[in-house]
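Text of query_24.cif, listed as mmCIF, C-alpha atoms (C1' of nucleotides):
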data_protein
loop_
_atom_site.label_atom_id
_atom_site.label_comp_id
_atom_site.auth_asym_id
_atom_site.auth_seq_id
_atom_site.Cartn_x
_atom_site.Cartn_y
_atom_site.Cartn_z
CA MET A 129 134.07 143.08 107.57
CA LEU A 130 132.60 146.10 109.29
CA ASP A 131 129.09 144.78 108.70
CA LYS A 132 127.34 144.09 111.98
CA GLY A 133 124.91 141.63 110.46
CA VAL A 134 121.14 141.82 110.39
CA GLU A 135 120.57 140.58 113.92
CA THR A 136 122.08 143.63 115.66
CA LEU A 137 120.14 146.76 114.86
CA ASP A 138 121.19 150.01 116.48
CA PRO A 139 118.65 152.63 117.49
CA PRO A 140 118.80 155.63 115.17
CA ARG A 141 120.63 158.82 116.09
CA LEU A 142 118.34 161.61 117.25
CA SER A 143 119.59 163.97 114.57
CA ASP A 144 118.71 161.47 111.82
CA GLN A 145 115.12 161.13 112.91
CA LEU A 146 112.49 162.69 110.67
CA CYS A 147 109.95 162.30 113.46
CA PHE A 148 112.11 164.38 115.78
CA ALA A 149 112.53 167.06 113.13
CA ALA A 150 108.73 167.24 112.84
CA TYR A 151 108.38 167.24 116.63
CA ALA A 152 110.92 170.06 116.99
CA ALA A 153 109.41 172.06 114.13
CA ALA A 154 105.91 171.80 115.59
CA HIS A 155 107.22 173.04 118.95
CA ALA A 156 109.13 175.88 117.29
CA PHE A 157 106.00 176.97 115.43
CA GLY A 158 104.00 176.69 118.64
CA LYS A 159 106.46 178.95 120.41
CA ALA A 160 106.49 181.51 117.61
CA TYR A 161 102.69 181.59 117.45
CA ARG A 162 102.39 181.75 121.22
CA GLU A 163 104.22 185.06 121.19
CA VAL A 164 101.85 186.68 118.71
CA LEU A 165 98.65 184.93 119.85
CA ASP A 166 99.09 185.44 123.58
CA PRO A 167 98.37 189.19 123.35
CA LEU A 168 95.09 188.22 121.62
CA GLY A 169 94.22 185.80 124.42
CA LEU A 170 94.49 182.78 122.14
CA THR A 171 96.43 179.53 122.29
CA TYR A 172 97.60 177.82 119.11
CA PRO A 173 94.91 175.10 119.07
CA GLN A 174 92.26 177.73 119.79
CA TYR A 175 93.57 179.69 116.81
CA LEU A 176 93.17 176.56 114.66
CA VAL A 177 89.57 176.22 115.82
CA LEU A 178 88.88 179.80 114.78
CA LEU A 179 90.45 179.15 111.36
CA VAL A 180 88.11 176.27 110.60
CA LEU A 181 85.08 178.08 111.96
CA TRP A 182 85.88 181.16 109.87
CA GLU A 183 86.20 178.91 106.85
CA ASP A 184 83.19 176.66 107.28
CA GLY A 185 80.89 178.56 109.62
CA GLU A 186 78.89 176.74 112.27
CA MET A 187 79.83 173.10 112.71
CA ALA A 188 79.62 170.17 115.14
CA VAL A 189 82.41 169.34 117.58
CA LYS A 190 82.97 166.16 115.62
CA ASP A 191 83.67 168.07 112.41
CA ILE A 192 86.16 170.37 114.10
CA GLY A 193 87.88 167.26 115.39
CA ARG A 194 88.01 165.76 111.92
CA ARG A 195 89.64 168.87 110.50
CA LEU A 196 92.22 169.25 113.28
CA HIS A 197 92.77 165.55 114.11
CA LEU A 198 91.69 166.15 117.72
CA ASP A 199 89.24 164.15 119.82
CA THR A 200 86.53 165.32 122.20
CA GLY A 201 88.76 164.85 125.24
CA THR A 202 90.79 167.74 123.88
CA LEU A 203 88.05 169.77 122.22
CA THR A 204 85.30 169.80 124.82
CA PRO A 205 87.28 171.65 127.52
CA LEU A 206 89.04 173.79 124.90
CA LEU A 207 85.72 174.91 123.41
CA LYS A 208 84.34 175.57 126.88
CA ARG A 209 87.26 177.89 127.55
CA MET A 210 86.65 179.64 124.24
CA GLU A 211 82.98 179.95 125.13
CA ALA A 212 83.88 181.38 128.54
CA ALA A 213 86.11 183.90 126.73
CA GLY A 214 83.12 184.89 124.59
CA LEU A 215 84.71 183.76 121.31
CA VAL A 216 82.29 180.97 120.37
CA ARG A 217 78.77 179.79 121.06
CA ARG A 218 77.87 176.13 121.78
CA LYS A 219 74.35 174.84 121.44
CA ARG A 220 72.74 171.44 121.03
CA SER A 221 71.46 170.79 117.55
CA LEU A 222 67.66 170.73 117.35
CA ASP A 223 67.37 167.95 114.81
CA ASP A 224 70.07 165.77 116.39
CA GLU A 225 70.44 166.37 120.10
CA ARG A 226 73.65 164.38 120.27
CA GLN A 227 75.46 167.14 118.40
CA VAL A 228 76.77 170.38 119.84
CA ARG A 229 76.94 173.02 117.12
CA VAL A 230 79.77 175.53 117.51
CA SER A 231 79.77 178.99 115.94
CA VAL A 232 81.85 182.15 116.19
CA THR A 233 80.49 185.16 118.09
CA GLY A 234 80.95 188.78 117.09
CA LYS A 235 83.88 188.99 119.46
CA GLY A 236 85.41 185.97 117.77
CA ARG A 237 84.86 187.51 114.36
CA ASP A 238 86.61 190.68 115.49
CA LEU A 239 89.81 188.70 115.91
CA LYS A 240 89.97 187.94 112.20
CA LYS A 241 92.12 190.89 111.20
CA PRO A 242 94.49 190.92 114.19
CA VAL A 243 94.99 187.16 113.78
CA ALA A 244 95.69 187.55 110.06
CA ASP A 245 98.35 190.15 110.92
CA ALA A 246 99.87 187.84 113.52
CA CYS A 247 100.14 185.03 110.97
CA GLU A 248 101.80 187.31 108.46
CA HIS A 249 104.33 188.19 111.12
CA VAL A 250 105.25 184.56 111.79
CA ALA A 251 105.35 183.78 108.07
CA CYS A 252 107.85 186.61 107.61
CA THR A 253 110.27 185.52 110.32
CA LEU A 254 110.35 182.31 108.32
CA GLU A 255 112.25 183.58 105.31
CA LEU A 256 111.76 180.74 102.86
CA PRO A 257 110.68 180.93 99.22
CA PRO A 258 106.92 180.27 98.94
CA ALA A 259 107.54 177.41 96.54
CA LYS A 260 109.71 175.62 99.06
CA VAL A 261 107.19 176.22 101.82
CA GLU A 262 104.48 174.73 99.65
CA ALA A 263 106.56 171.67 98.72
CA LEU A 264 107.36 171.10 102.37
CA ARG A 265 103.73 171.46 103.40
CA ALA A 266 102.62 168.97 100.75
CA SER A 267 105.25 166.44 101.82
CA LEU A 268 104.21 166.68 105.44
CA ILE A 269 100.56 166.16 104.59
CA GLU A 270 101.56 163.18 102.50
CA ILE A 271 103.29 161.75 105.57
CA VAL A 272 100.24 162.36 107.72
CA HIS A 273 98.15 160.36 105.26
CA SER A 274 100.78 157.65 104.93
CA LEU A 275 100.98 157.21 108.71
CA GLY A 276 97.20 157.44 109.03
CA ARG A 277 96.61 154.62 106.53
CA ARG A 278 98.84 152.28 108.49
CA MET B 273 88.86 195.51 90.70
CA LEU B 274 88.88 192.35 92.73
CA ASP B 275 91.80 193.58 94.78
CA LYS B 276 90.83 193.97 98.41
CA GLY B 277 93.63 196.42 99.13
CA VAL B 278 96.42 196.09 101.64
CA GLU B 279 94.37 197.10 104.66
CA THR B 280 92.14 194.01 104.62
CA LEU B 281 94.12 190.85 105.22
CA ASP B 282 92.29 187.54 105.40
CA PRO B 283 93.40 184.83 107.80
CA PRO B 284 95.00 181.93 105.93
CA ARG B 285 93.14 178.73 105.16
CA LEU B 286 93.98 175.86 107.47
CA SER B 287 95.08 173.64 104.60
CA ASP B 288 97.58 176.26 103.40
CA GLN B 289 99.33 176.49 106.73
CA LEU B 290 102.80 174.99 106.96
CA CYS B 291 102.60 175.21 110.74
CA PHE B 292 99.48 173.06 110.74
CA ALA B 293 101.12 170.51 108.47
CA ALA B 294 104.00 170.29 110.95
CA TYR B 295 101.56 170.11 113.86
CA ALA B 296 99.56 167.33 112.16
CA ALA B 297 102.71 165.42 111.14
CA ALA B 298 104.12 165.56 114.67
CA HIS B 299 100.83 164.20 116.03
CA ALA B 300 100.72 161.47 113.39
CA PHE B 301 104.26 160.41 114.26
CA GLY B 302 103.38 160.52 117.94
CA LYS B 303 100.44 158.25 117.36
CA ALA B 304 102.44 155.80 115.24
CA TYR B 305 105.23 155.64 117.81
CA ARG B 306 102.78 155.31 120.68
CA GLU B 307 101.54 152.05 119.21
CA VAL B 308 104.98 150.48 119.09
CA LEU B 309 106.40 152.10 122.22
CA ASP B 310 103.47 151.45 124.52
CA PRO B 311 104.18 147.70 124.70
CA LEU B 312 107.70 148.67 125.84
CA GLY B 313 106.30 150.94 128.56
CA LEU B 314 107.67 154.07 126.89
CA THR B 315 106.15 157.34 125.76
CA TYR B 316 107.55 159.21 122.78
CA PRO B 317 109.41 161.89 124.80
CA GLN B 318 110.82 159.17 127.04
CA TYR B 319 112.05 157.37 123.93
CA LEU B 320 113.80 160.59 122.84
CA VAL B 321 115.52 160.80 126.22
CA LEU B 322 116.79 157.25 125.82
CA LEU B 323 118.10 158.08 122.33
CA VAL B 324 120.26 160.94 123.58
CA LEU B 325 121.45 158.99 126.61
CA TRP B 326 122.40 156.02 124.43
CA GLU B 327 124.29 158.40 122.17
CA ASP B 328 126.07 160.56 124.72
CA GLY B 329 126.07 158.50 127.90
CA GLU B 330 125.59 160.17 131.28
CA MET B 331 124.58 163.80 131.06
CA ALA B 332 122.97 166.63 133.04
CA VAL B 333 119.25 167.43 132.80
CA LYS B 334 120.22 170.70 131.18
CA ASP B 335 122.01 168.94 128.35
CA ILE B 336 119.08 166.63 127.67
CA GLY B 337 116.91 169.74 127.51
CA ARG B 338 119.27 171.37 125.04
CA ARG B 339 119.16 168.35 122.75
CA LEU B 340 115.37 167.94 122.87
CA HIS B 341 114.35 171.59 123.23
CA LEU B 342 112.56 170.84 126.51
CA ASP B 343 112.76 172.69 129.81
CA THR B 344 112.99 171.38 133.35
CA GLY B 345 109.27 171.79 133.96
CA THR B 346 108.83 168.99 131.43
CA LEU B 347 111.98 166.96 132.09
CA THR B 348 112.10 166.75 135.87
CA PRO B 349 108.81 164.85 136.29
CA LEU B 350 109.42 162.85 133.10
CA LEU B 351 112.84 161.71 134.35
CA LYS B 352 111.37 160.87 137.74
CA ARG B 353 108.84 158.61 136.04
CA MET B 354 111.63 156.97 134.06
CA GLU B 355 113.62 156.53 137.28
CA ALA B 356 110.56 155.01 138.98
CA ALA B 357 110.32 152.62 136.02
CA GLY B 358 113.95 151.65 136.57
CA LEU B 359 115.14 152.94 133.19
CA VAL B 360 117.49 155.71 134.36
CA ARG B 361 119.48 156.77 137.39
CA ARG B 362 119.58 160.37 138.70
CA LYS B 363 122.27 161.62 141.01
CA ARG B 364 123.66 165.01 142.02
CA SER B 365 127.02 165.77 140.50
CA LEU B 366 129.83 165.78 143.07
CA ASP B 367 131.78 168.65 141.59
CA ASP B 368 128.72 170.82 140.87
CA GLU B 369 125.84 170.07 143.19
CA ARG B 370 123.42 172.09 141.10
CA GLN B 371 123.54 169.44 138.41
CA VAL B 372 121.64 166.17 138.37
CA ARG B 373 123.48 163.63 136.22
CA VAL B 374 121.25 161.18 134.38
CA SER B 375 122.40 157.80 133.12
CA VAL B 376 120.80 154.67 131.68
CA THR B 377 120.43 151.56 133.86
CA GLY B 378 120.86 148.00 132.66
CA LYS B 379 117.11 147.76 132.24
CA GLY B 380 117.21 150.89 130.11
CA ARG B 381 120.04 149.46 128.04
CA ASP B 382 118.05 146.29 127.44
CA LEU B 383 115.46 148.34 125.55
CA LYS B 384 117.98 149.27 122.87
CA LYS B 385 117.24 146.41 120.50
CA PRO B 386 113.44 146.29 120.91
CA VAL B 387 113.32 150.05 120.44
CA ALA B 388 115.49 149.85 117.31
CA ASP B 389 113.05 147.29 115.91
CA ALA B 390 110.09 149.49 116.77
CA CYS B 391 111.69 152.42 114.92
CA GLU B 392 112.33 150.28 111.87
CA HIS B 393 108.68 149.34 111.89
CA VAL B 394 107.50 152.97 111.88
CA ALA B 395 110.07 153.91 109.24
CA CYS B 396 108.67 151.17 107.00
CA THR B 397 105.02 152.18 107.23
CA LEU B 398 106.33 155.49 105.93
CA GLU B 399 107.13 154.40 102.40
CA LEU B 400 109.20 157.33 101.17
CA PRO B 401 112.57 157.26 99.39
CA PRO B 402 115.40 157.86 101.89
CA ALA B 403 116.64 160.83 99.89
CA LYS B 404 113.27 162.54 100.20
CA VAL B 405 113.09 161.79 103.90
CA GLU B 406 116.51 163.32 104.38
CA ALA B 407 115.66 166.44 102.38
CA LEU B 408 112.49 166.86 104.40
CA ARG B 409 114.31 166.40 107.68
CA ALA B 410 116.93 168.97 106.73
CA SER B 411 114.28 171.52 105.72
CA LEU B 412 112.43 171.09 108.99
CA ILE B 413 115.59 171.57 111.01
CA GLU B 414 116.32 174.68 108.98
CA ILE B 415 112.89 175.99 109.95
CA VAL B 416 113.52 175.22 113.61
CA HIS B 417 116.70 177.30 113.45
CA SER B 418 115.03 180.06 111.47
CA LEU B 419 112.20 180.34 114.00
CA GLY B 420 114.64 180.06 116.88
CA ARG B 421 116.81 182.94 115.68
CA ARG B 422 113.85 185.31 115.61
"C1'" DC C 79 57.16 149.11 117.50
"C1'" DA C 80 61.34 147.19 119.97
"C1'" DC C 81 65.81 146.13 120.83
"C1'" DG C 82 70.59 145.96 119.74
"C1'" DA C 83 74.16 148.66 117.32
"C1'" DT C 84 76.04 152.95 116.29
"C1'" DT C 85 77.12 157.70 117.01
"C1'" DA C 86 78.19 162.38 119.52
"C1'" DA C 87 79.67 164.46 123.61
"C1'" DA C 88 81.34 164.48 127.99
"C1'" DT C 89 84.26 162.64 131.71
"C1'" DT C 90 88.37 160.63 133.96
"C1'" DG C 91 93.09 159.71 134.42
"C1'" DT C 92 97.80 160.09 132.83
"C1'" DC C 93 101.35 162.38 130.53
"C1'" DC C 94 103.52 166.29 128.01
"C1'" DG C 95 104.83 171.38 127.54
"C1'" DC C 96 105.81 175.71 129.23
"C1'" DA C 97 105.63 180.18 131.88
"C1'" DA C 98 106.55 181.92 136.26
"C1'" DC C 99 108.45 181.50 140.43
"C1'" DA C 100 111.47 179.38 144.28
"C1'" DT C 101 115.79 177.49 145.99
"C1'" DA C 102 120.34 176.40 146.29
"C1'" DA C 103 125.05 176.26 144.36
"C1'" DT C 104 128.51 178.54 141.71
"C1'" DT C 105 130.81 182.38 139.54
"C1'" DT C 106 131.84 187.22 138.97
"C1'" DT C 107 133.21 191.48 140.63
"C1'" DG C 108 134.05 195.30 143.46
"C1'" DC D 121 136.60 187.83 150.68
"C1'" DA D 122 131.53 189.38 150.46
"C1'" DA D 123 127.66 190.92 147.77
"C1'" DA D 124 125.48 190.50 143.36
"C1'" DA D 125 124.66 188.06 139.24
"C1'" DT D 126 124.24 183.73 137.05
"C1'" DT D 127 123.16 178.88 136.63
"C1'" DA D 128 120.76 174.21 137.45
"C1'" DT D 129 117.09 172.16 139.16
"C1'" DG D 130 112.58 171.88 141.27
"C1'" DT D 131 107.55 173.38 141.90
"C1'" DT D 132 103.03 175.17 140.65
"C1'" DG D 133 99.45 176.11 137.66
"C1'" DC D 134 97.27 175.99 133.30
"C1'" DG D 135 96.34 174.21 128.82
"C1'" DG D 136 96.73 170.74 125.56
"C1'" DA D 137 96.53 165.48 123.88
"C1'" DC D 138 94.66 161.06 124.07
"C1'" DA D 139 92.98 156.34 125.73
"C1'" DA D 140 89.18 154.44 127.94
"C1'" DT D 141 84.77 154.73 129.75
"C1'" DT D 142 80.01 156.69 130.30
"C1'" DT D 143 75.63 158.64 128.88
"C1'" DA D 144 72.23 159.92 125.84
"C1'" DA D 145 70.29 160.13 121.18
"C1'" DT D 146 69.61 158.06 116.76
"C1'" DC D 147 69.45 154.37 113.41
"C1'" DG D 148 68.64 149.62 111.53
"C1'" DT D 149 66.54 145.50 111.33
"C1'" DG D 150 63.38 142.14 112.49
#

In structure tokens, what does this structure look like?
Amino acid sequence: MLDKGVETLDPPRLSDQLCFAAYAAAHAFGKAYREVLDPLGLTYPQYLVLLVLWEDGEMAVKDIGRRLHLDTGTLTPLLKRMEAAGLVRRKRSLDDERQVRVSVTGKGRDLKKPVADACEHVACTLELPPAKVEALRASLIEIVHSLGRR
Amino acid sequence: MLDKGVETLDPPRLSDQLCFAAYAAAHAFGKAYREVLDPLGLTYPQYLVLLVLWEDGEMAVKDIGRRLHLDTGTLTPLLKRMEAAGLVRRKRSLDDERQVRVSVTGKGRDLKKPVADACEHVACTLELPPAKVEALRASLIEIVHSLGRR
DNA sequence: CACGATTAAATTGTCCGCAACATAATTTTG
DNA sequence: CAAAATTATGTTGCGGACAATTTAATCGTG
């Protein structure tokens, strides 16, 4: 018998690991976006913050964190850098002083078109049929939920 | 006409972004693995290093970087921490003194079984048919290559 | 109203990730 | 063989990412 039995379990091979594929893909995307975002003075997470602010308008730090799955330890300094760069405004909410409301400035709004172009550029280097991209995206989100429910 | 014309291009919505799905999935995996690896004194990247060393035996820092898509700015301090923890050995190659050869110690080898169990545990919380997991993995790797060729 | 529980941000400490640069060893080439 | 180019690693600096803790504001219940 070639069976090793249930008591000896080998660690998986790197190339078989779905988690590593996701890890590598995220890094590859990060690198691709860095190239097009750097000229705009943006990092990838900062770009994500702009996306949600453009979509939903002014919102609390907490809400940005909920959308991006990031906590305040990441967001507070990141938002301060974006504020220093003149891209967003941060001000305490009047009716709940625990909250800091974040909104995009004019300068931040001006990035909308150049950023949209940059995204198009990355999407093009990735020559995959839109249907496949969408299926892949949906599967990944399903995994996020599955791991989150744990 | 509702057409906005080619000159105005909106930024994509966060939820449509494949890159964000990959980013979120990688973080979700990282979080899931952190829970099972932390009791073993390992971080996720350190776990990846052990995987490649278990597979290929002693190898140079450069080769680990090639497998994991990481550069020396990340690996050198990471490997020093693993050496300090007694998990790996680092020594200059005799026939090429530019290289640092990395190998697993006995203590590192002892983690093989507990780590294999930990992986099984994460794989289980992810209740997806193996065929789907494999298809997903292959697609992600394809994307990594596609973005890398750019 | 008061006091304990909850919530939102901020802070601290540790680790990853990478660009840019430095150093030393090896290889290539004139 | 010597100078130039290349290669492998290390270092520095900056920006995430997150656990754990702190502080201040708000809410809930008696």

I'd like to see the residues matched by the PyMOL selection byres ((chain D) within 8 of (chain B)) on this file, and ideally I'd get them as a ChimeraX atom specification. /D:128-130

Please write the residues picked by the PyMOL selection byres ((chain B) within 6 of (chain A)) on this file as an NGL selection string. :B and (282-283 or 290 or 293-295 or 297-298 or 300 or 388 or 409 or 412-413 or 416)

With C-alpha atoms retained, could you export that selection as a PDB file, in the coordinates of the input?
ATOM      1  CA  ASP B 282      92.290 187.540 105.400  1.00  0.00           C
ATOM      2  CA  PRO B 283      93.400 184.830 107.800  1.00  0.00           C
ATOM      3  CA  LEU B 290     102.800 174.990 106.960  1.00  0.00           C
ATOM      4  CA  ALA B 293     101.120 170.510 108.470  1.00  0.00           C
ATOM      5  CA  ALA B 294     104.000 170.290 110.950  1.00  0.00           C
ATOM      6  CA  TYR B 295     101.560 170.110 113.860  1.00  0.00           C
ATOM      7  CA  ALA B 297     102.710 165.420 111.140  1.00  0.00           C
ATOM      8  CA  ALA B 298     104.120 165.560 114.670  1.00  0.00           C
ATOM      9  CA  ALA B 300     100.720 161.470 113.390  1.00  0.00           C
ATOM     10  CA  ALA B 388     115.490 149.850 117.310  1.00  0.00           C
ATOM     11  CA  ARG B 409     114.310 166.400 107.680  1.00  0.00           C
ATOM     12  CA  LEU B 412     112.430 171.090 108.990  1.00  0.00           C
ATOM     13  CA  ILE B 413     115.590 171.570 111.010  1.00  0.00           C
ATOM     14  CA  VAL B 416     113.520 175.220 113.610  1.00  0.00           C
TER      15      VAL B 416
END

Overlay target chain A, mobile chain B, all C-alpha paired in order, as a tab-separated table (two decimals) with C-alpha atoms, keeping the file's coordinate frame:
chain	number	residue	atom	x	y	z
B	273	MET	CA	134.27	142.75	108.10
B	274	LEU	CA	132.75	145.81	109.66
B	275	ASP	CA	129.26	144.54	108.98
B	276	LYS	CA	127.39	143.96	112.20
B	277	GLY	CA	124.95	141.53	110.62
B	278	VAL	CA	121.20	141.79	110.43
B	279	GLU	CA	120.53	140.60	113.96
B	280	THR	CA	122.06	143.65	115.65
B	281	LEU	CA	120.18	146.81	114.82
B	282	ASP	CA	121.27	150.08	116.39
B	283	PRO	CA	118.73	152.69	117.42
B	284	PRO	CA	118.87	155.71	115.10
B	285	ARG	CA	120.66	158.90	116.02
B	286	LEU	CA	118.37	161.68	117.18
B	287	SER	CA	119.58	164.05	114.48
B	288	ASP	CA	118.72	161.53	111.75
B	289	GLN	CA	115.13	161.18	112.85
B	290	LEU	CA	112.49	162.73	110.62
B	291	CYS	CA	109.96	162.33	113.41
B	292	PHE	CA	112.12	164.42	115.72
B	293	ALA	CA	112.51	167.10	113.08
B	294	ALA	CA	108.72	167.25	112.80
B	295	TYR	CA	108.38	167.25	116.58
B	296	ALA	CA	110.93	170.08	116.93
B	297	ALA	CA	109.39	172.09	114.06
B	298	ALA	CA	105.90	171.81	115.55
B	299	HIS	CA	107.23	173.04	118.90
B	300	ALA	CA	109.12	175.89	117.24
B	301	PHE	CA	105.99	176.97	115.39
B	302	GLY	CA	104.00	176.67	118.61
B	303	LYS	CA	106.44	178.92	120.38
B	304	ALA	CA	106.48	181.50	117.58
B	305	TYR	CA	102.69	181.59	117.43
B	306	ARG	CA	102.38	181.74	121.20
B	307	GLU	CA	104.23	185.04	121.19
B	308	VAL	CA	101.85	186.68	118.74
B	309	LEU	CA	98.67	184.94	119.87
B	310	ASP	CA	99.09	185.43	123.59
B	311	PRO	CA	98.39	189.17	123.39
B	312	LEU	CA	95.12	188.21	121.65
B	313	GLY	CA	94.23	185.80	124.46
B	314	LEU	CA	94.51	182.77	122.17
B	315	THR	CA	96.45	179.53	122.30
B	316	TYR	CA	97.61	177.83	119.12
B	317	PRO	CA	94.92	175.09	119.11
B	318	GLN	CA	92.28	177.73	119.81
B	319	TYR	CA	93.58	179.69	116.83
B	320	LEU	CA	93.18	176.56	114.68
B	321	VAL	CA	89.58	176.22	115.83
B	322	LEU	CA	88.89	179.81	114.81
B	323	LEU	CA	90.45	179.16	111.39
B	324	VAL	CA	88.10	176.29	110.61
B	325	LEU	CA	85.08	178.11	111.99
B	326	TRP	CA	85.89	181.20	109.92
B	327	GLU	CA	86.20	178.96	106.88
B	328	ASP	CA	83.19	176.72	107.32
B	329	GLY	CA	80.89	178.62	109.65
B	330	GLU	CA	78.87	176.79	112.30
B	331	MET	CA	79.82	173.16	112.69
B	332	ALA	CA	79.61	170.21	115.10
B	333	VAL	CA	82.42	169.36	117.53
B	334	LYS	CA	82.95	166.18	115.55
B	335	ASP	CA	83.66	168.10	112.37
B	336	ILE	CA	86.16	170.39	114.07
B	337	GLY	CA	87.87	167.25	115.35
B	338	ARG	CA	87.99	165.78	111.86
B	339	ARG	CA	89.62	168.91	110.47
B	340	LEU	CA	92.20	169.24	113.25
B	341	HIS	CA	92.74	165.56	114.06
B	342	LEU	CA	91.67	166.13	117.68
B	343	ASP	CA	89.23	164.13	119.77
B	344	THR	CA	86.54	165.27	122.17
B	345	GLY	CA	88.74	164.77	125.21
B	346	THR	CA	90.78	167.68	123.87
B	347	LEU	CA	88.05	169.73	122.19
B	348	THR	CA	85.28	169.76	124.78
B	349	PRO	CA	87.27	171.58	127.50
B	350	LEU	CA	89.06	173.74	124.91
B	351	LEU	CA	85.73	174.88	123.42
B	352	LYS	CA	84.35	175.54	126.89
B	353	ARG	CA	87.30	177.83	127.58
B	354	MET	CA	86.69	179.61	124.29
B	355	GLU	CA	83.00	179.93	125.17
B	356	ALA	CA	83.93	181.32	128.60
B	357	ALA	CA	86.14	183.84	126.79
B	358	GLY	CA	83.17	184.85	124.65
B	359	LEU	CA	84.75	183.74	121.37
B	360	VAL	CA	82.32	180.96	120.41
B	361	ARG	CA	78.79	179.79	121.08
B	362	ARG	CA	77.87	176.14	121.77
B	363	LYS	CA	74.36	174.83	121.44
B	364	ARG	CA	72.73	171.42	121.01
B	365	SER	CA	71.45	170.79	117.53
B	366	LEU	CA	67.65	170.71	117.35
B	367	ASP	CA	67.38	167.95	114.79
B	368	ASP	CA	70.10	165.76	116.35
B	369	GLU	CA	70.47	166.35	120.06
B	370	ARG	CA	73.70	164.39	120.21
B	371	GLN	CA	75.47	167.16	118.35
B	372	VAL	CA	76.77	170.39	119.82
B	373	ARG	CA	76.94	173.06	117.11
B	374	VAL	CA	79.76	175.56	117.51
B	375	SER	CA	79.77	179.01	115.96
B	376	VAL	CA	81.86	182.18	116.22
B	377	THR	CA	80.51	185.18	118.16
B	378	GLY	CA	80.98	188.80	117.17
B	379	LYS	CA	83.92	188.99	119.54
B	380	GLY	CA	85.43	185.96	117.83
B	381	ARG	CA	84.86	187.54	114.43
B	382	ASP	CA	86.63	190.70	115.56
B	383	LEU	CA	89.84	188.69	115.97
B	384	LYS	CA	89.97	187.94	112.26
B	385	LYS	CA	92.11	190.89	111.24
B	386	PRO	CA	94.50	190.92	114.22
B	387	VAL	CA	95.00	187.19	113.81
B	388	ALA	CA	95.68	187.57	110.07
B	389	ASP	CA	98.34	190.15	110.93
B	390	ALA	CA	99.87	187.86	113.53
B	391	CYS	CA	100.11	185.05	110.96
B	392	GLU	CA	101.77	187.34	108.46
B	393	HIS	CA	104.31	188.22	111.10
B	394	VAL	CA	105.23	184.57	111.76
B	395	ALA	CA	105.30	183.80	108.04
B	396	CYS	CA	107.82	186.62	107.58
B	397	THR	CA	110.26	185.53	110.28
B	398	LEU	CA	110.32	182.31	108.28
B	399	GLU	CA	112.23	183.58	105.28
B	400	LEU	CA	111.70	180.75	102.81
B	401	PRO	CA	110.58	180.96	99.17
B	402	PRO	CA	106.83	180.29	98.91
B	403	ALA	CA	107.43	177.44	96.48
B	404	LYS	CA	109.62	175.66	99.01
B	405	VAL	CA	107.12	176.23	101.78
B	406	GLU	CA	104.39	174.74	99.63
B	407	ALA	CA	106.47	171.71	98.68
B	408	LEU	CA	107.29	171.14	102.32
B	409	ARG	CA	103.67	171.47	103.37
B	410	ALA	CA	102.55	169.00	100.73
B	411	SER	CA	105.19	166.45	101.78
B	412	LEU	CA	104.17	166.70	105.41
B	413	ILE	CA	100.52	166.18	104.57
B	414	GLU	CA	101.51	163.18	102.48
B	415	ILE	CA	103.27	161.76	105.54
B	416	VAL	CA	100.22	162.37	107.71
B	417	HIS	CA	98.13	160.36	105.25
B	418	SER	CA	100.77	157.67	104.91
B	419	LEU	CA	100.98	157.22	108.68
B	420	GLY	CA	97.21	157.41	109.00
B	421	ARG	CA	96.59	154.62	106.48
B	422	ARG	CA	98.78	152.21	108.42

Convert the output of the PyMOL selection byres ((chain C) within 12 of (chain A)) on the shown file into explicit residues, formatted as a list of chain:residue names.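 In the shown coordinates, the PyMOL selection byres ((chain C) within 12 of (chain A)) covers C:DT85, C:DA86, C:DA87, C:DA88, C:DT89, C:DT90, C:DG91, C:DC94, C:DG95, C:DC96, C:DA97.
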
Atomic separation - atom CA of B:Met354 relative to atom CA of B:Leu309, Å: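 About the pair atom CA of B:Leu309 and atom CA of B:Met354: they are 13.8 Å apart.
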
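Between atom CA of A:Arg217 and atom C1' of D:DG136 the separation is 20.6 Å.
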
May I have the residues within 9 Å of D:DT127 as a list in words, using all atoms listed in the file and disregarding those fewer than 2 positions away in the same chain? Arg370 of chain B; DA103, DT104 and DT105 of chain C

Kindly reconstruct stretch 179-184 of chain A with N, CA and C atoms and present the result as a PDB file, in the frame of the given file.
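Printed below is out.pdb as written:
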ATOM      1  N   LEU A 179      90.221 179.264 112.806  1.00  0.00           N
ATOM      2  CA  LEU A 179      90.450 179.150 111.360  1.00  0.00           C
ATOM      3  C   LEU A 179      89.379 178.300 110.689  1.00  0.00           C
ATOM      4  N   VAL A 180      89.090 177.133 111.260  1.00  0.00           N
ATOM      5  CA  VAL A 180      88.110 176.270 110.600  1.00  0.00           C
ATOM      6  C   VAL A 180      86.703 176.840 110.717  1.00  0.00           C
ATOM      7  N   LEU A 181      86.412 177.496 111.822  1.00  0.00           N
ATOM      8  CA  LEU A 181      85.080 178.080 111.960  1.00  0.00           C
ATOM      9  C   LEU A 181      84.905 179.260 111.003  1.00  0.00           C
ATOM     10  N   TRP A 182      85.945 180.037 110.826  1.00  0.00           N
ATOM     11  CA  TRP A 182      85.880 181.160 109.870  1.00  0.00           C
ATOM     12  C   TRP A 182      85.674 180.623 108.457  1.00  0.00           C
ATOM     13  N   GLU A 183      86.300 179.490 108.189  1.00  0.00           N
ATOM     14  CA  GLU A 183      86.200 178.910 106.850  1.00  0.00           C
ATOM     15  C   GLU A 183      84.837 178.299 106.586  1.00  0.00           C
ATOM     16  N   ASP A 184      84.377 177.484 107.527  1.00  0.00           N
ATOM     17  CA  ASP A 184      83.190 176.660 107.280  1.00  0.00           C
ATOM     18  C   ASP A 184      81.942 177.113 108.014  1.00  0.00           C
TER      19      ASP A 184
END
